[in-house]
file input_26.cif (mmCIF, C-alpha atoms)
data_run
#
loop_
_atom_site.label_atom_id
_atom_site.label_comp_id
_atom_site.auth_asym_id
_atom_site.auth_seq_id
_atom_site.Cartn_x
_atom_site.Cartn_y
_atom_site.Cartn_z
CA MET T 1 -110.73 -110.50 5.90
CA THR T 2 -110.55 -108.48 9.08
CA VAL T 3 -107.44 -106.71 10.27
CA THR T 4 -106.59 -107.31 13.89
CA PRO T 5 -105.29 -104.13 15.44
CA GLU T 6 -101.94 -104.12 17.12
CA PRO T 7 -102.04 -104.45 20.90
CA ASP T 8 -100.89 -100.83 21.37
CA ALA T 9 -103.57 -99.58 19.03
CA ARG T 10 -106.21 -101.59 20.84
CA LEU T 11 -104.99 -100.29 24.17
CA ASP T 12 -104.99 -96.75 22.79
CA ALA T 13 -108.57 -97.24 21.73
CA ALA T 14 -109.40 -98.45 25.21
CA ILE T 15 -107.64 -95.44 26.68
CA ASP T 16 -109.60 -93.09 24.44
CA ALA T 17 -112.83 -94.82 25.37
CA ALA T 18 -112.04 -94.50 29.04
CA ALA T 19 -111.09 -90.86 28.61
CA ASN T 20 -114.25 -90.24 26.64
CA GLU T 21 -116.30 -91.67 29.43
CA LEU T 22 -114.62 -89.42 31.95
CA THR T 23 -116.17 -86.38 30.30
CA ARG T 24 -119.46 -87.94 29.31
CA VAL T 25 -122.54 -85.92 30.22
CA ASP T 26 -126.05 -87.25 30.05
CA ASN T 27 -128.06 -84.27 31.18
CA ALA T 28 -126.74 -81.49 29.00
CA ALA T 29 -130.18 -80.55 27.70
CA ASP T 30 -131.53 -80.30 31.23
CA THR T 31 -129.05 -77.58 32.10
CA VAL T 32 -129.98 -75.29 29.22
CA PRO T 33 -132.95 -73.66 31.03
CA HIS T 34 -130.72 -72.88 33.99
CA VAL T 35 -128.27 -71.13 31.70
CA MET T 36 -131.00 -69.12 30.03
CA THR T 37 -132.51 -68.14 33.35
CA ARG T 38 -129.16 -66.86 34.52
CA ILE T 39 -128.63 -64.92 31.31
CA ALA T 40 -132.10 -63.42 31.37
CA SER T 41 -131.59 -62.23 34.93
CA ALA T 42 -128.15 -60.84 34.21
CA GLY T 43 -129.12 -58.95 31.06
CA ARG T 44 -126.59 -58.10 28.49
CA PRO T 45 -124.16 -55.46 29.68
CA ALA T 46 -122.33 -55.53 26.38
CA THR T 47 -124.80 -53.00 25.01
CA ARG T 48 -124.41 -50.83 28.04
CA ARG T 49 -120.69 -51.13 27.76
CA ALA T 50 -120.86 -49.96 24.19
CA GLY T 51 -122.77 -46.94 25.42
CA TRP T 52 -120.20 -46.25 28.05
CA GLN T 53 -117.51 -46.52 25.46
CA PHE T 54 -119.31 -43.91 23.42
CA ILE T 55 -119.95 -41.45 26.22
CA PRO T 56 -116.25 -40.79 27.00
CA ALA T 57 -115.70 -40.00 23.35
CA GLN T 58 -118.53 -37.50 23.48
CA LEU T 59 -117.23 -36.04 26.71
CA ALA T 60 -113.76 -35.74 25.26
CA ALA T 61 -115.07 -33.98 22.17
CA CYS T 62 -117.13 -31.60 24.28
CA GLY T 63 -114.15 -30.93 26.51
CA VAL T 64 -111.91 -30.10 23.59
CA ALA T 65 -114.54 -27.85 22.06
CA ALA T 66 -115.07 -26.06 25.36
CA ALA T 67 -111.33 -25.59 25.84
CA LEU T 68 -110.97 -24.14 22.36
CA LEU T 69 -113.90 -21.81 22.95
CA ILE T 70 -112.50 -20.61 26.26
CA ALA T 71 -109.07 -20.09 24.74
CA ALA T 72 -110.55 -18.11 21.87
CA VAL T 73 -112.56 -15.92 24.21
CA VAL T 74 -109.60 -15.27 26.50
CA VAL T 75 -107.32 -14.36 23.64
CA TRP T 76 -109.82 -12.34 21.66
CA ARG T 77 -111.53 -10.62 24.59
CA PRO T 78 -114.62 -9.54 22.74
CA TRP T 79 -115.79 -7.53 25.73
CA GLN T 80 -112.84 -5.21 25.36
CA ALA T 81 -112.22 -2.96 22.40
CA ALA T 82 -108.78 -2.45 21.03
CA PRO T 83 -106.90 0.21 22.99
CA THR T 84 -106.72 3.61 21.46
CA SER T 85 -103.26 4.81 20.69
CA ARG T 86 -102.50 8.20 22.04
CA LEU T 87 -99.73 10.14 23.70
CA PRO T 88 -99.38 9.68 27.46
CA GLY T 89 -101.30 12.31 29.37
CA THR T 90 -103.19 13.55 26.35
CA PRO T 91 -106.92 13.43 26.81
CA VAL T 92 -108.66 11.25 24.42
CA LEU T 93 -110.97 13.06 22.10
CA THR T 94 -113.59 10.91 20.69
CA ARG T 95 -116.54 11.40 18.49
CA GLN T 96 -118.68 11.78 21.57
CA ASP T 97 -116.69 14.80 22.68
CA VAL T 98 -117.48 16.70 19.54
CA ARG T 99 -120.72 18.50 19.96
CA PRO T 100 -122.26 21.77 18.81
CA PRO T 101 -121.46 24.85 20.78
CA GLY T 102 -123.86 25.77 23.46
CA VAL T 103 -124.46 22.24 24.41
CA THR T 104 -123.35 21.54 27.89
CA PRO T 105 -121.11 18.61 27.77
CA ARG T 106 -121.88 15.86 30.08
CA THR T 107 -119.18 13.87 31.59
CA PRO T 108 -118.36 11.18 29.15
CA VAL T 109 -117.20 8.89 31.89
CA GLU T 110 -119.78 6.64 33.35
CA GLN T 111 -119.56 3.61 35.45
CA VAL T 112 -120.90 0.60 33.70
CA ASN T 113 -120.56 -2.59 35.62
CA GLY T 114 -117.70 -1.11 37.58
CA THR T 115 -115.80 -0.05 34.49
CA SER T 116 -115.36 3.53 33.35
CA VAL T 117 -116.61 3.98 29.86
CA LEU T 118 -117.06 6.87 27.55
CA THR T 119 -120.63 7.36 26.60
CA SER T 120 -122.07 9.01 23.62
CA ALA T 121 -123.51 12.31 24.74
CA ALA T 122 -123.44 13.65 21.23
CA ARG T 123 -125.87 11.01 20.11
CA VAL T 124 -128.35 12.33 22.64
CA GLU T 125 -127.83 15.96 21.79
CA THR T 126 -127.77 15.96 18.03
CA GLY T 127 -129.16 12.68 16.98
CA ARG T 128 -126.67 12.64 14.17
CA ILE T 129 -124.03 10.39 15.47
CA GLN T 130 -124.88 6.80 15.82
CA THR T 131 -124.66 5.06 19.08
CA GLU T 132 -121.11 4.38 19.89
CA ARG T 133 -119.31 3.45 22.98
CA VAL T 134 -115.69 3.40 23.68
CA ARG T 135 -114.83 0.55 25.94
CA PRO T 136 -111.26 1.09 26.95
CA ARG T 137 -109.13 -1.54 28.48
CA ARG T 138 -108.71 -1.39 32.18
CA ALA T 139 -105.51 0.64 32.03
CA SER T 140 -107.18 3.33 29.97
CA ALA T 141 -110.17 3.35 32.23
CA ARG T 142 -107.94 3.94 35.19
CA THR T 143 -106.35 6.88 33.41
CA LEU T 144 -109.70 8.39 32.73
CA GLU T 145 -110.62 8.18 36.34
CA LEU T 146 -107.47 9.95 37.48
CA GLU T 147 -107.74 13.06 35.39
CA PRO T 148 -110.88 14.87 34.38
CA PRO T 149 -111.35 14.73 30.69
CA THR T 150 -110.73 17.81 28.65
CA PHE T 151 -113.35 18.61 26.12
CA ALA T 152 -112.92 20.41 22.94
CA LEU T 153 -116.22 21.86 22.03
CA LEU T 154 -116.14 22.00 18.33
CA PRO T 155 -118.77 22.50 15.78
CA THR T 156 -119.50 19.31 14.07
CA ASP T 157 -118.41 20.83 10.78
CA ALA T 158 -114.99 21.63 12.09
CA LEU T 159 -113.98 18.08 11.68
CA THR T 160 -114.58 15.82 8.83
CA LEU T 161 -116.34 13.06 10.52
CA PRO T 162 -116.72 9.86 8.67
CA PRO T 163 -120.20 8.55 8.10
CA ALA T 164 -121.67 6.87 11.08
CA ARG T 165 -121.31 3.45 9.54
CA ASP T 166 -117.81 4.09 8.36
CA PRO T 167 -115.71 1.36 9.89
CA THR T 168 -112.77 3.76 10.22
CA PRO T 169 -111.41 3.23 13.72
CA ILE T 170 -111.63 6.04 16.20
CA ALA T 171 -107.90 6.10 16.57
CA THR T 172 -107.66 7.53 13.07
CA GLU T 173 -109.79 10.51 14.09
CA ILE T 174 -107.64 11.08 17.10
CA VAL T 175 -104.54 11.29 14.97
CA GLU T 176 -106.23 13.93 12.88
CA ILE T 177 -107.19 15.89 15.93
CA GLU T 178 -103.71 15.78 17.33
CA THR T 179 -102.29 16.89 14.02
CA LEU T 180 -104.43 20.04 14.29
CA ALA T 181 -103.26 20.64 17.87
CA ILE T 182 -106.82 20.66 18.99
CA PRO T 183 -106.06 19.72 22.62
CA LEU T 184 -104.90 23.32 23.18
CA LEU T 185 -107.96 24.94 21.73
CA THR T 186 -110.30 26.93 23.84
CA LEU T 187 -113.76 28.13 23.20
CA ASP T 188 -112.53 31.60 22.29
CA ALA T 189 -110.11 30.30 19.76
CA LEU T 190 -112.67 28.32 17.95
CA PRO T 191 -114.16 29.66 14.80
CA ALA T 192 -117.76 30.60 14.72
CA PRO T 193 -119.93 27.61 14.63
CA SER T 194 -121.88 26.88 11.57
CA PRO T 195 -125.42 25.76 11.87
CA VAL T 196 -126.13 22.17 11.77
CA ASP T 197 -127.29 21.00 8.45
CA PRO T 198 -130.90 19.99 9.06
CA LYS T 199 -130.73 17.59 6.10
CA ARG T 200 -128.12 15.47 7.82
CA MET Q 1 -129.18 -71.95 10.59
CA THR Q 2 -125.45 -71.64 11.18
CA ASP Q 3 -123.79 -70.61 14.40
CA HIS Q 4 -122.80 -67.31 12.86
CA ASP Q 5 -126.42 -66.57 11.91
CA LEU Q 6 -127.48 -67.32 15.46
CA VAL Q 7 -124.74 -65.11 16.85
CA ARG Q 8 -125.86 -62.22 14.66
CA ARG Q 9 -129.42 -62.59 15.86
CA ALA Q 10 -128.32 -62.92 19.45
CA ARG Q 11 -126.34 -59.72 19.11
CA GLU Q 12 -129.56 -57.98 18.20
CA GLY Q 13 -131.13 -59.21 21.40
CA ASP Q 14 -132.76 -62.41 20.16
CA LEU Q 15 -132.66 -64.63 23.22
CA THR Q 16 -134.25 -67.51 21.34
CA ALA Q 17 -131.33 -67.56 18.94
CA PHE Q 18 -128.95 -67.57 21.86
CA GLU Q 19 -130.86 -70.40 23.49
CA THR Q 20 -130.45 -72.38 20.29
CA LEU Q 21 -126.71 -71.81 20.50
CA VAL Q 22 -126.68 -72.98 24.10
CA ALA Q 23 -128.65 -76.10 23.32
CA ARG Q 24 -126.43 -76.87 20.36
CA HIS Q 25 -123.13 -76.62 22.23
CA GLN Q 26 -124.04 -77.29 25.83
CA ALA Q 27 -122.83 -80.89 25.80
CA ALA Q 28 -119.50 -79.97 24.27
CA ALA Q 29 -119.06 -77.16 26.76
CA LEU Q 30 -119.86 -79.43 29.68
CA ARG Q 31 -117.39 -82.04 28.48
CA ALA Q 32 -114.63 -79.48 28.23
CA ALA Q 33 -115.37 -78.16 31.69
CA LEU Q 34 -115.53 -81.66 33.06
CA ALA Q 35 -112.11 -82.41 31.59
CA ALA Q 36 -110.68 -79.56 33.61
CA VAL Q 37 -112.54 -79.66 36.92
CA GLY Q 38 -113.50 -83.33 37.07
CA ARG Q 39 -116.82 -82.95 38.88
CA THR Q 40 -120.18 -82.57 37.20
CA ALA Q 41 -121.54 -79.96 39.59
CA ASP Q 42 -118.46 -77.78 39.17
CA ALA Q 43 -118.56 -78.27 35.42
CA GLU Q 44 -122.16 -77.07 35.27
CA ASP Q 45 -121.28 -73.95 37.24
CA VAL Q 46 -118.32 -73.30 35.00
CA VAL Q 47 -120.38 -73.68 31.85
CA GLN Q 48 -123.08 -71.41 33.18
CA GLU Q 49 -120.53 -68.70 33.88
CA ALA Q 50 -118.98 -69.29 30.49
CA TRP Q 51 -122.29 -68.83 28.68
CA LEU Q 52 -122.90 -65.67 30.63
CA ARG Q 53 -119.57 -64.36 29.48
CA VAL Q 54 -120.26 -65.41 25.93
CA HIS Q 55 -123.52 -63.52 26.03
CA GLN Q 56 -121.79 -60.43 27.36
CA ARG Q 57 -119.04 -60.58 24.76
CA LEU Q 58 -120.95 -61.53 21.66
CA ASP Q 59 -119.78 -58.34 20.03
CA GLU Q 60 -116.20 -59.46 20.39
CA PHE Q 61 -116.73 -62.68 18.48
CA ARG Q 62 -114.97 -62.52 15.14
CA GLU Q 63 -116.69 -64.55 12.51
CA ASP Q 64 -113.46 -65.73 10.94
CA ALA Q 65 -113.32 -68.38 13.65
CA ALA Q 66 -115.69 -71.16 14.57
CA PHE Q 67 -118.08 -70.30 17.35
CA LYS Q 68 -117.41 -73.62 19.01
CA THR Q 69 -113.68 -72.90 19.18
CA TRP Q 70 -114.36 -69.50 20.70
CA LEU Q 71 -116.73 -71.07 23.18
CA LEU Q 72 -114.19 -73.72 24.12
CA ALA Q 73 -111.58 -71.09 24.86
CA ILE Q 74 -113.96 -69.26 27.18
CA VAL Q 75 -115.13 -72.43 28.89
CA TRP Q 76 -111.59 -73.59 29.33
CA ASN Q 77 -110.44 -70.35 30.91
CA ARG Q 78 -113.40 -70.37 33.29
CA ALA Q 79 -112.72 -73.99 34.13
CA LEU Q 80 -109.08 -73.29 34.92
CA ASP Q 81 -110.17 -70.41 37.16
CA ARG Q 82 -112.54 -72.74 38.96
CA ARG Q 83 -109.81 -75.33 39.26
CA ARG Q 84 -107.47 -72.82 40.86
CA GLN Q 85 -110.18 -71.82 43.30
CA MET Q 86 -110.71 -75.45 44.20
CA LEU Q 87 -107.01 -75.98 44.73
CA ARG Q 88 -106.79 -72.94 46.98
CA TRP Q 89 -109.77 -74.19 48.92
CA LEU Q 90 -108.19 -77.61 49.30
CA ARG Q 91 -104.92 -76.13 50.48
CA ARG Q 92 -106.74 -74.08 53.10
CA LEU Q 93 -108.57 -77.21 54.13
CA VAL Q 94 -105.28 -79.06 54.52
CA ASP Q 95 -103.82 -76.25 56.56
CA LEU Q 96 -106.81 -76.18 58.87
CA ASP Q 97 -107.15 -79.91 59.38
CA GLY Q 98 -103.48 -80.79 59.27
CA GLU Q 99 -104.08 -83.67 56.92
CA ARG Q 100 -104.52 -84.26 53.24
CA PRO Q 101 -107.98 -83.88 51.83
CA THR Q 102 -109.63 -87.04 50.67
CA ASP Q 103 -111.43 -85.46 47.75
CA GLY Q 104 -109.34 -84.53 44.76
CA ALA Q 105 -106.08 -85.88 46.09
CA GLY Q 106 -105.73 -87.61 42.77
CA HIS Q 107 -102.68 -89.54 41.93
CA ALA Q 108 -101.92 -91.66 44.97
CA ASP Q 109 -105.52 -92.71 45.34
CA ALA Q 110 -105.78 -93.53 41.67
CA VAL Q 111 -102.66 -95.68 41.69
CA ALA Q 112 -103.89 -97.47 44.80
CA PHE Q 113 -107.19 -98.09 43.06
CA VAL Q 114 -105.47 -99.56 40.02
CA ARG Q 115 -103.23 -101.85 42.07
CA HIS Q 116 -105.87 -102.87 44.56
CA PRO Q 117 -109.28 -102.60 42.97
CA PRO Q 118 -112.26 -102.87 45.26
CA ALA Q 119 -113.31 -106.38 46.05
CA SER Q 120 -116.25 -107.62 44.06
CA GLY Q 121 -118.15 -110.79 43.57
CA PRO Q 122 -117.49 -113.33 40.87
CA ARG Q 123 -117.48 -111.69 37.44
CA GLN Q 124 -119.18 -113.90 35.00
CA ASP Q 125 -120.14 -111.20 32.61
CA GLN Q 126 -117.68 -109.80 30.09
CA GLN Q 127 -119.38 -106.46 30.51
CA ILE Q 128 -118.27 -106.38 34.10
CA VAL Q 129 -114.71 -107.14 33.02
CA ASP Q 130 -114.78 -104.34 30.51
CA ARG Q 131 -116.17 -102.01 33.12
CA ASP Q 132 -113.38 -102.86 35.45
CA ARG Q 133 -110.77 -102.18 32.77
CA VAL Q 134 -112.31 -98.85 31.93
CA GLU Q 135 -112.26 -97.76 35.54
CA ARG Q 136 -108.63 -98.76 35.93
CA LEU Q 137 -107.68 -96.88 32.81
CA GLN Q 138 -109.56 -93.86 34.05
CA ALA Q 139 -107.64 -94.04 37.29
CA LEU Q 140 -104.41 -94.05 35.33
CA ILE Q 141 -105.58 -91.10 33.27
CA GLY Q 142 -106.07 -89.32 36.56
CA THR Q 143 -102.41 -89.86 37.39
CA LEU Q 144 -101.24 -87.99 34.31
CA PRO Q 145 -99.95 -84.45 34.67
CA ALA Q 146 -102.51 -81.86 33.70
CA LYS Q 147 -100.62 -80.78 30.61
CA LEU Q 148 -101.00 -84.28 29.21
CA ARG Q 149 -104.38 -85.15 30.69
CA HIS Q 150 -106.23 -82.09 29.46
CA PRO Q 151 -105.45 -82.48 25.75
CA LEU Q 152 -106.17 -86.19 25.96
CA LEU Q 153 -109.58 -85.64 27.55
CA LEU Q 154 -110.53 -82.88 25.14
CA ILE Q 155 -109.54 -84.88 22.07
CA ALA Q 156 -111.02 -88.09 23.37
CA SER Q 157 -114.32 -86.35 24.03
CA GLY Q 158 -114.78 -86.28 20.28
CA GLU Q 159 -116.20 -82.76 20.47
CA TYR Q 160 -113.15 -80.79 19.46
CA SER Q 161 -110.56 -80.92 16.75
CA TYR Q 162 -106.85 -80.59 17.37
CA ASP Q 163 -107.03 -77.08 16.00
CA ALA Q 164 -109.76 -76.09 18.43
CA VAL Q 165 -107.95 -77.61 21.37
CA ALA Q 166 -104.74 -75.90 20.34
CA ALA Q 167 -106.54 -72.57 20.17
CA ALA Q 168 -108.16 -73.06 23.56
CA LEU Q 169 -104.96 -74.14 25.25
CA ALA Q 170 -102.90 -71.52 23.42
CA LEU Q 171 -100.54 -74.16 22.11
CA PRO Q 172 -99.31 -75.11 18.66
CA VAL Q 173 -101.26 -77.91 17.05
CA GLY Q 174 -98.14 -80.07 16.90
CA THR Q 175 -97.64 -79.70 20.63
CA VAL Q 176 -101.21 -80.80 21.30
CA LYS Q 177 -100.75 -83.84 19.11
CA TRP Q 178 -97.51 -84.75 20.85
CA ARG Q 179 -99.07 -84.37 24.30
CA VAL Q 180 -102.00 -86.61 23.41
CA SER Q 181 -99.62 -89.20 22.04
CA GLU Q 182 -97.39 -88.90 25.08
CA ALA Q 183 -100.37 -89.28 27.41
CA ARG Q 184 -101.35 -92.52 25.69
CA ARG Q 185 -97.78 -93.77 25.80
CA GLN Q 186 -97.41 -93.11 29.53
CA ILE Q 187 -100.68 -94.87 30.28
CA ARG Q 188 -99.65 -97.83 28.19
CA THR Q 189 -96.35 -98.02 30.04
CA LYS Q 190 -98.00 -97.86 33.45
CA TRP Q 191 -100.60 -100.34 32.36
CA GLN Q 192 -98.01 -102.84 31.31
CA ARG Q 193 -95.89 -102.25 34.42
CA LEU Q 194 -98.92 -103.23 36.44
CA GLY Q 195 -98.90 -106.52 34.59
CA TYR Q 196 -101.96 -106.03 32.46
CA GLY Q 197 -102.25 -106.89 28.80
CA TYR Q 198 -103.98 -104.78 26.26
CA ASP Q 199 -107.26 -106.50 27.08
CA GLY Q 200 -107.01 -105.60 30.72
CA HIS Q 201 -106.15 -109.04 32.04
CA PRO Q 202 -102.99 -109.77 33.97
#

call {"tool": "encode", "arguments": {"input": "input_26.cif", "output": "structure tokens"}}
result
Amino acid sequence: MTVTPEPDARLDAAIDAAANELTRVDNAADTVPHVMTRIASAGRPATRRAGWQFIPAQLAACGVAAALLIAAVVVWRPWQAAPTSRLPGTPVLTRQDVRPPGVTPRTPVEQVNGTSVLTSAARVETGRIQTERVRPRRASARTLELEPPTFALLPTDALTLPPARDPTPIATEIVEIETLAIPLLTLDALPAPSPVDPKR
Amino acid sequence: MTDHDLVRRAREGDLTAFETLVARHQAAALRAALAAVGRTADAEDVVQEAWLRVHQRLDEFREDAAFKTWLLAIVWNRALDRRRQMLRWLRRLVDLDGERPTDGAGHADAVAFVRHPPASGPRQDQQIVDRDRVERLQALIGTLPAKLRHPLLLIASGEYSYDAVAAALALPVGTVKWRVSEARRQIRTKWQRLGYGYDGHP
């Protein structure tokens, strides 16, 4: 027994068949090579896009790292030592200014790259004091240029100098010197120098 | 080998795997494009562009969906773009010539075709009668608004499920079903108003 479809259902089937025919394609397989040719010629930019997506991330990371580095350098200023604390107008006495009597002091101020620095003359003369340079900030350098430095020629034994590798800051020595009122000393007022210990 | 396997290989640069995907779904893609643009040459261009886009965006394909559904969405969007371009071109043509274009005018021509089919010789073959009915029905399908015609053509192609069509058209599945049903109903009504029975005879 066969079931006869309702007229609407049969018409719907006819409509679907007509609609199906409207989109029927007979040469689909023939168009595949054209598609592949187009794709082969175009390449696949998705991979390149992935690379481009990665590069900004790298650039951003590098930028942040560079900014942090620059900020750290600007704040820390490794090319400048900490300023020495002293009274205004008082010459700074440093380890370099302490030298045995009889040694003609050289000016401790030298121009290095346009900046006045205190150099270690004592290291040259005695060979006892390790290389050391005082690199004042610009304000201190300007002060040094304005007034000639006053030297206190002291025997090396007159002061208790820390070992060369002692990390004690120079400012500590200056406080000791000022406590002894050394800036007013003259050569005549100094005690007789003691010979340099050849063992040191 | 499943579509997902082929996609994975294609992502790694295997063009042969991608060609297998193209061969497997080319007919379905062409039918979808044809449903939107109506002309075979335009449909082939649309599908070619769609495959190019698929190839470029393989990395974006999520494997929780069917590849065919994803492909349909891309083809459909490209087809609608092409359709808009064609409409703009036709409007410019109308503005320049001062008259309506003869190609793609659509509804009025289709209705005229249904009411006054081209003269033909004596039809002694049932096949010829069936052919005539199909062509009249196709003309009526052409008179439907796009929002009803597109779902009907996609579903009637037999290539896509309601779910896939709903995803491609960005519509709820229930809406797609209603539109297909409504398209059939409107064609039936017009068909009967023209005095034809279900078998196509007056």

call {"tool": "resolve_selection", "arguments": {"input": "input_26.cif", "expression": "the PyMOL selection byres ((chain T) within 9 of (chain Q))", "output": "PyMOL selection string"}}
result
chain T and resi 7-12+14-29+31-36+38-40+42-47

call {"tool": "atom_distance", "arguments": {"input": "input_26.cif", "atom1": "atom CA of Ala166 of chain Q", "atom2": "atom CA of Ala73 of chain Q"}}
result
9.5 Å

call {"tool": "atom_distance", "arguments": {"input": "input_26.cif", "atom1": "atom CA of Arg82 of chain Q", "atom2": "atom CA of Asp42 of chain Q"}}
result
7.8 Å

call {"tool": "closest_residue", "arguments": {"input": "input_26.cif", "among": "Q:Gln192, Q:Lys177, Q:Asp163, Q:His150", "to": "Lys68 of chain Q", "atoms": "all atoms listed in the file"}}
result
Q:Asp163

call {"tool": "atom_distance", "arguments": {"input": "input_26.cif", "atom1": "atom CA of Thr175 of chain Q", "atom2": "atom CA of Pro145 of chain Q"}}
result
15.0 Å
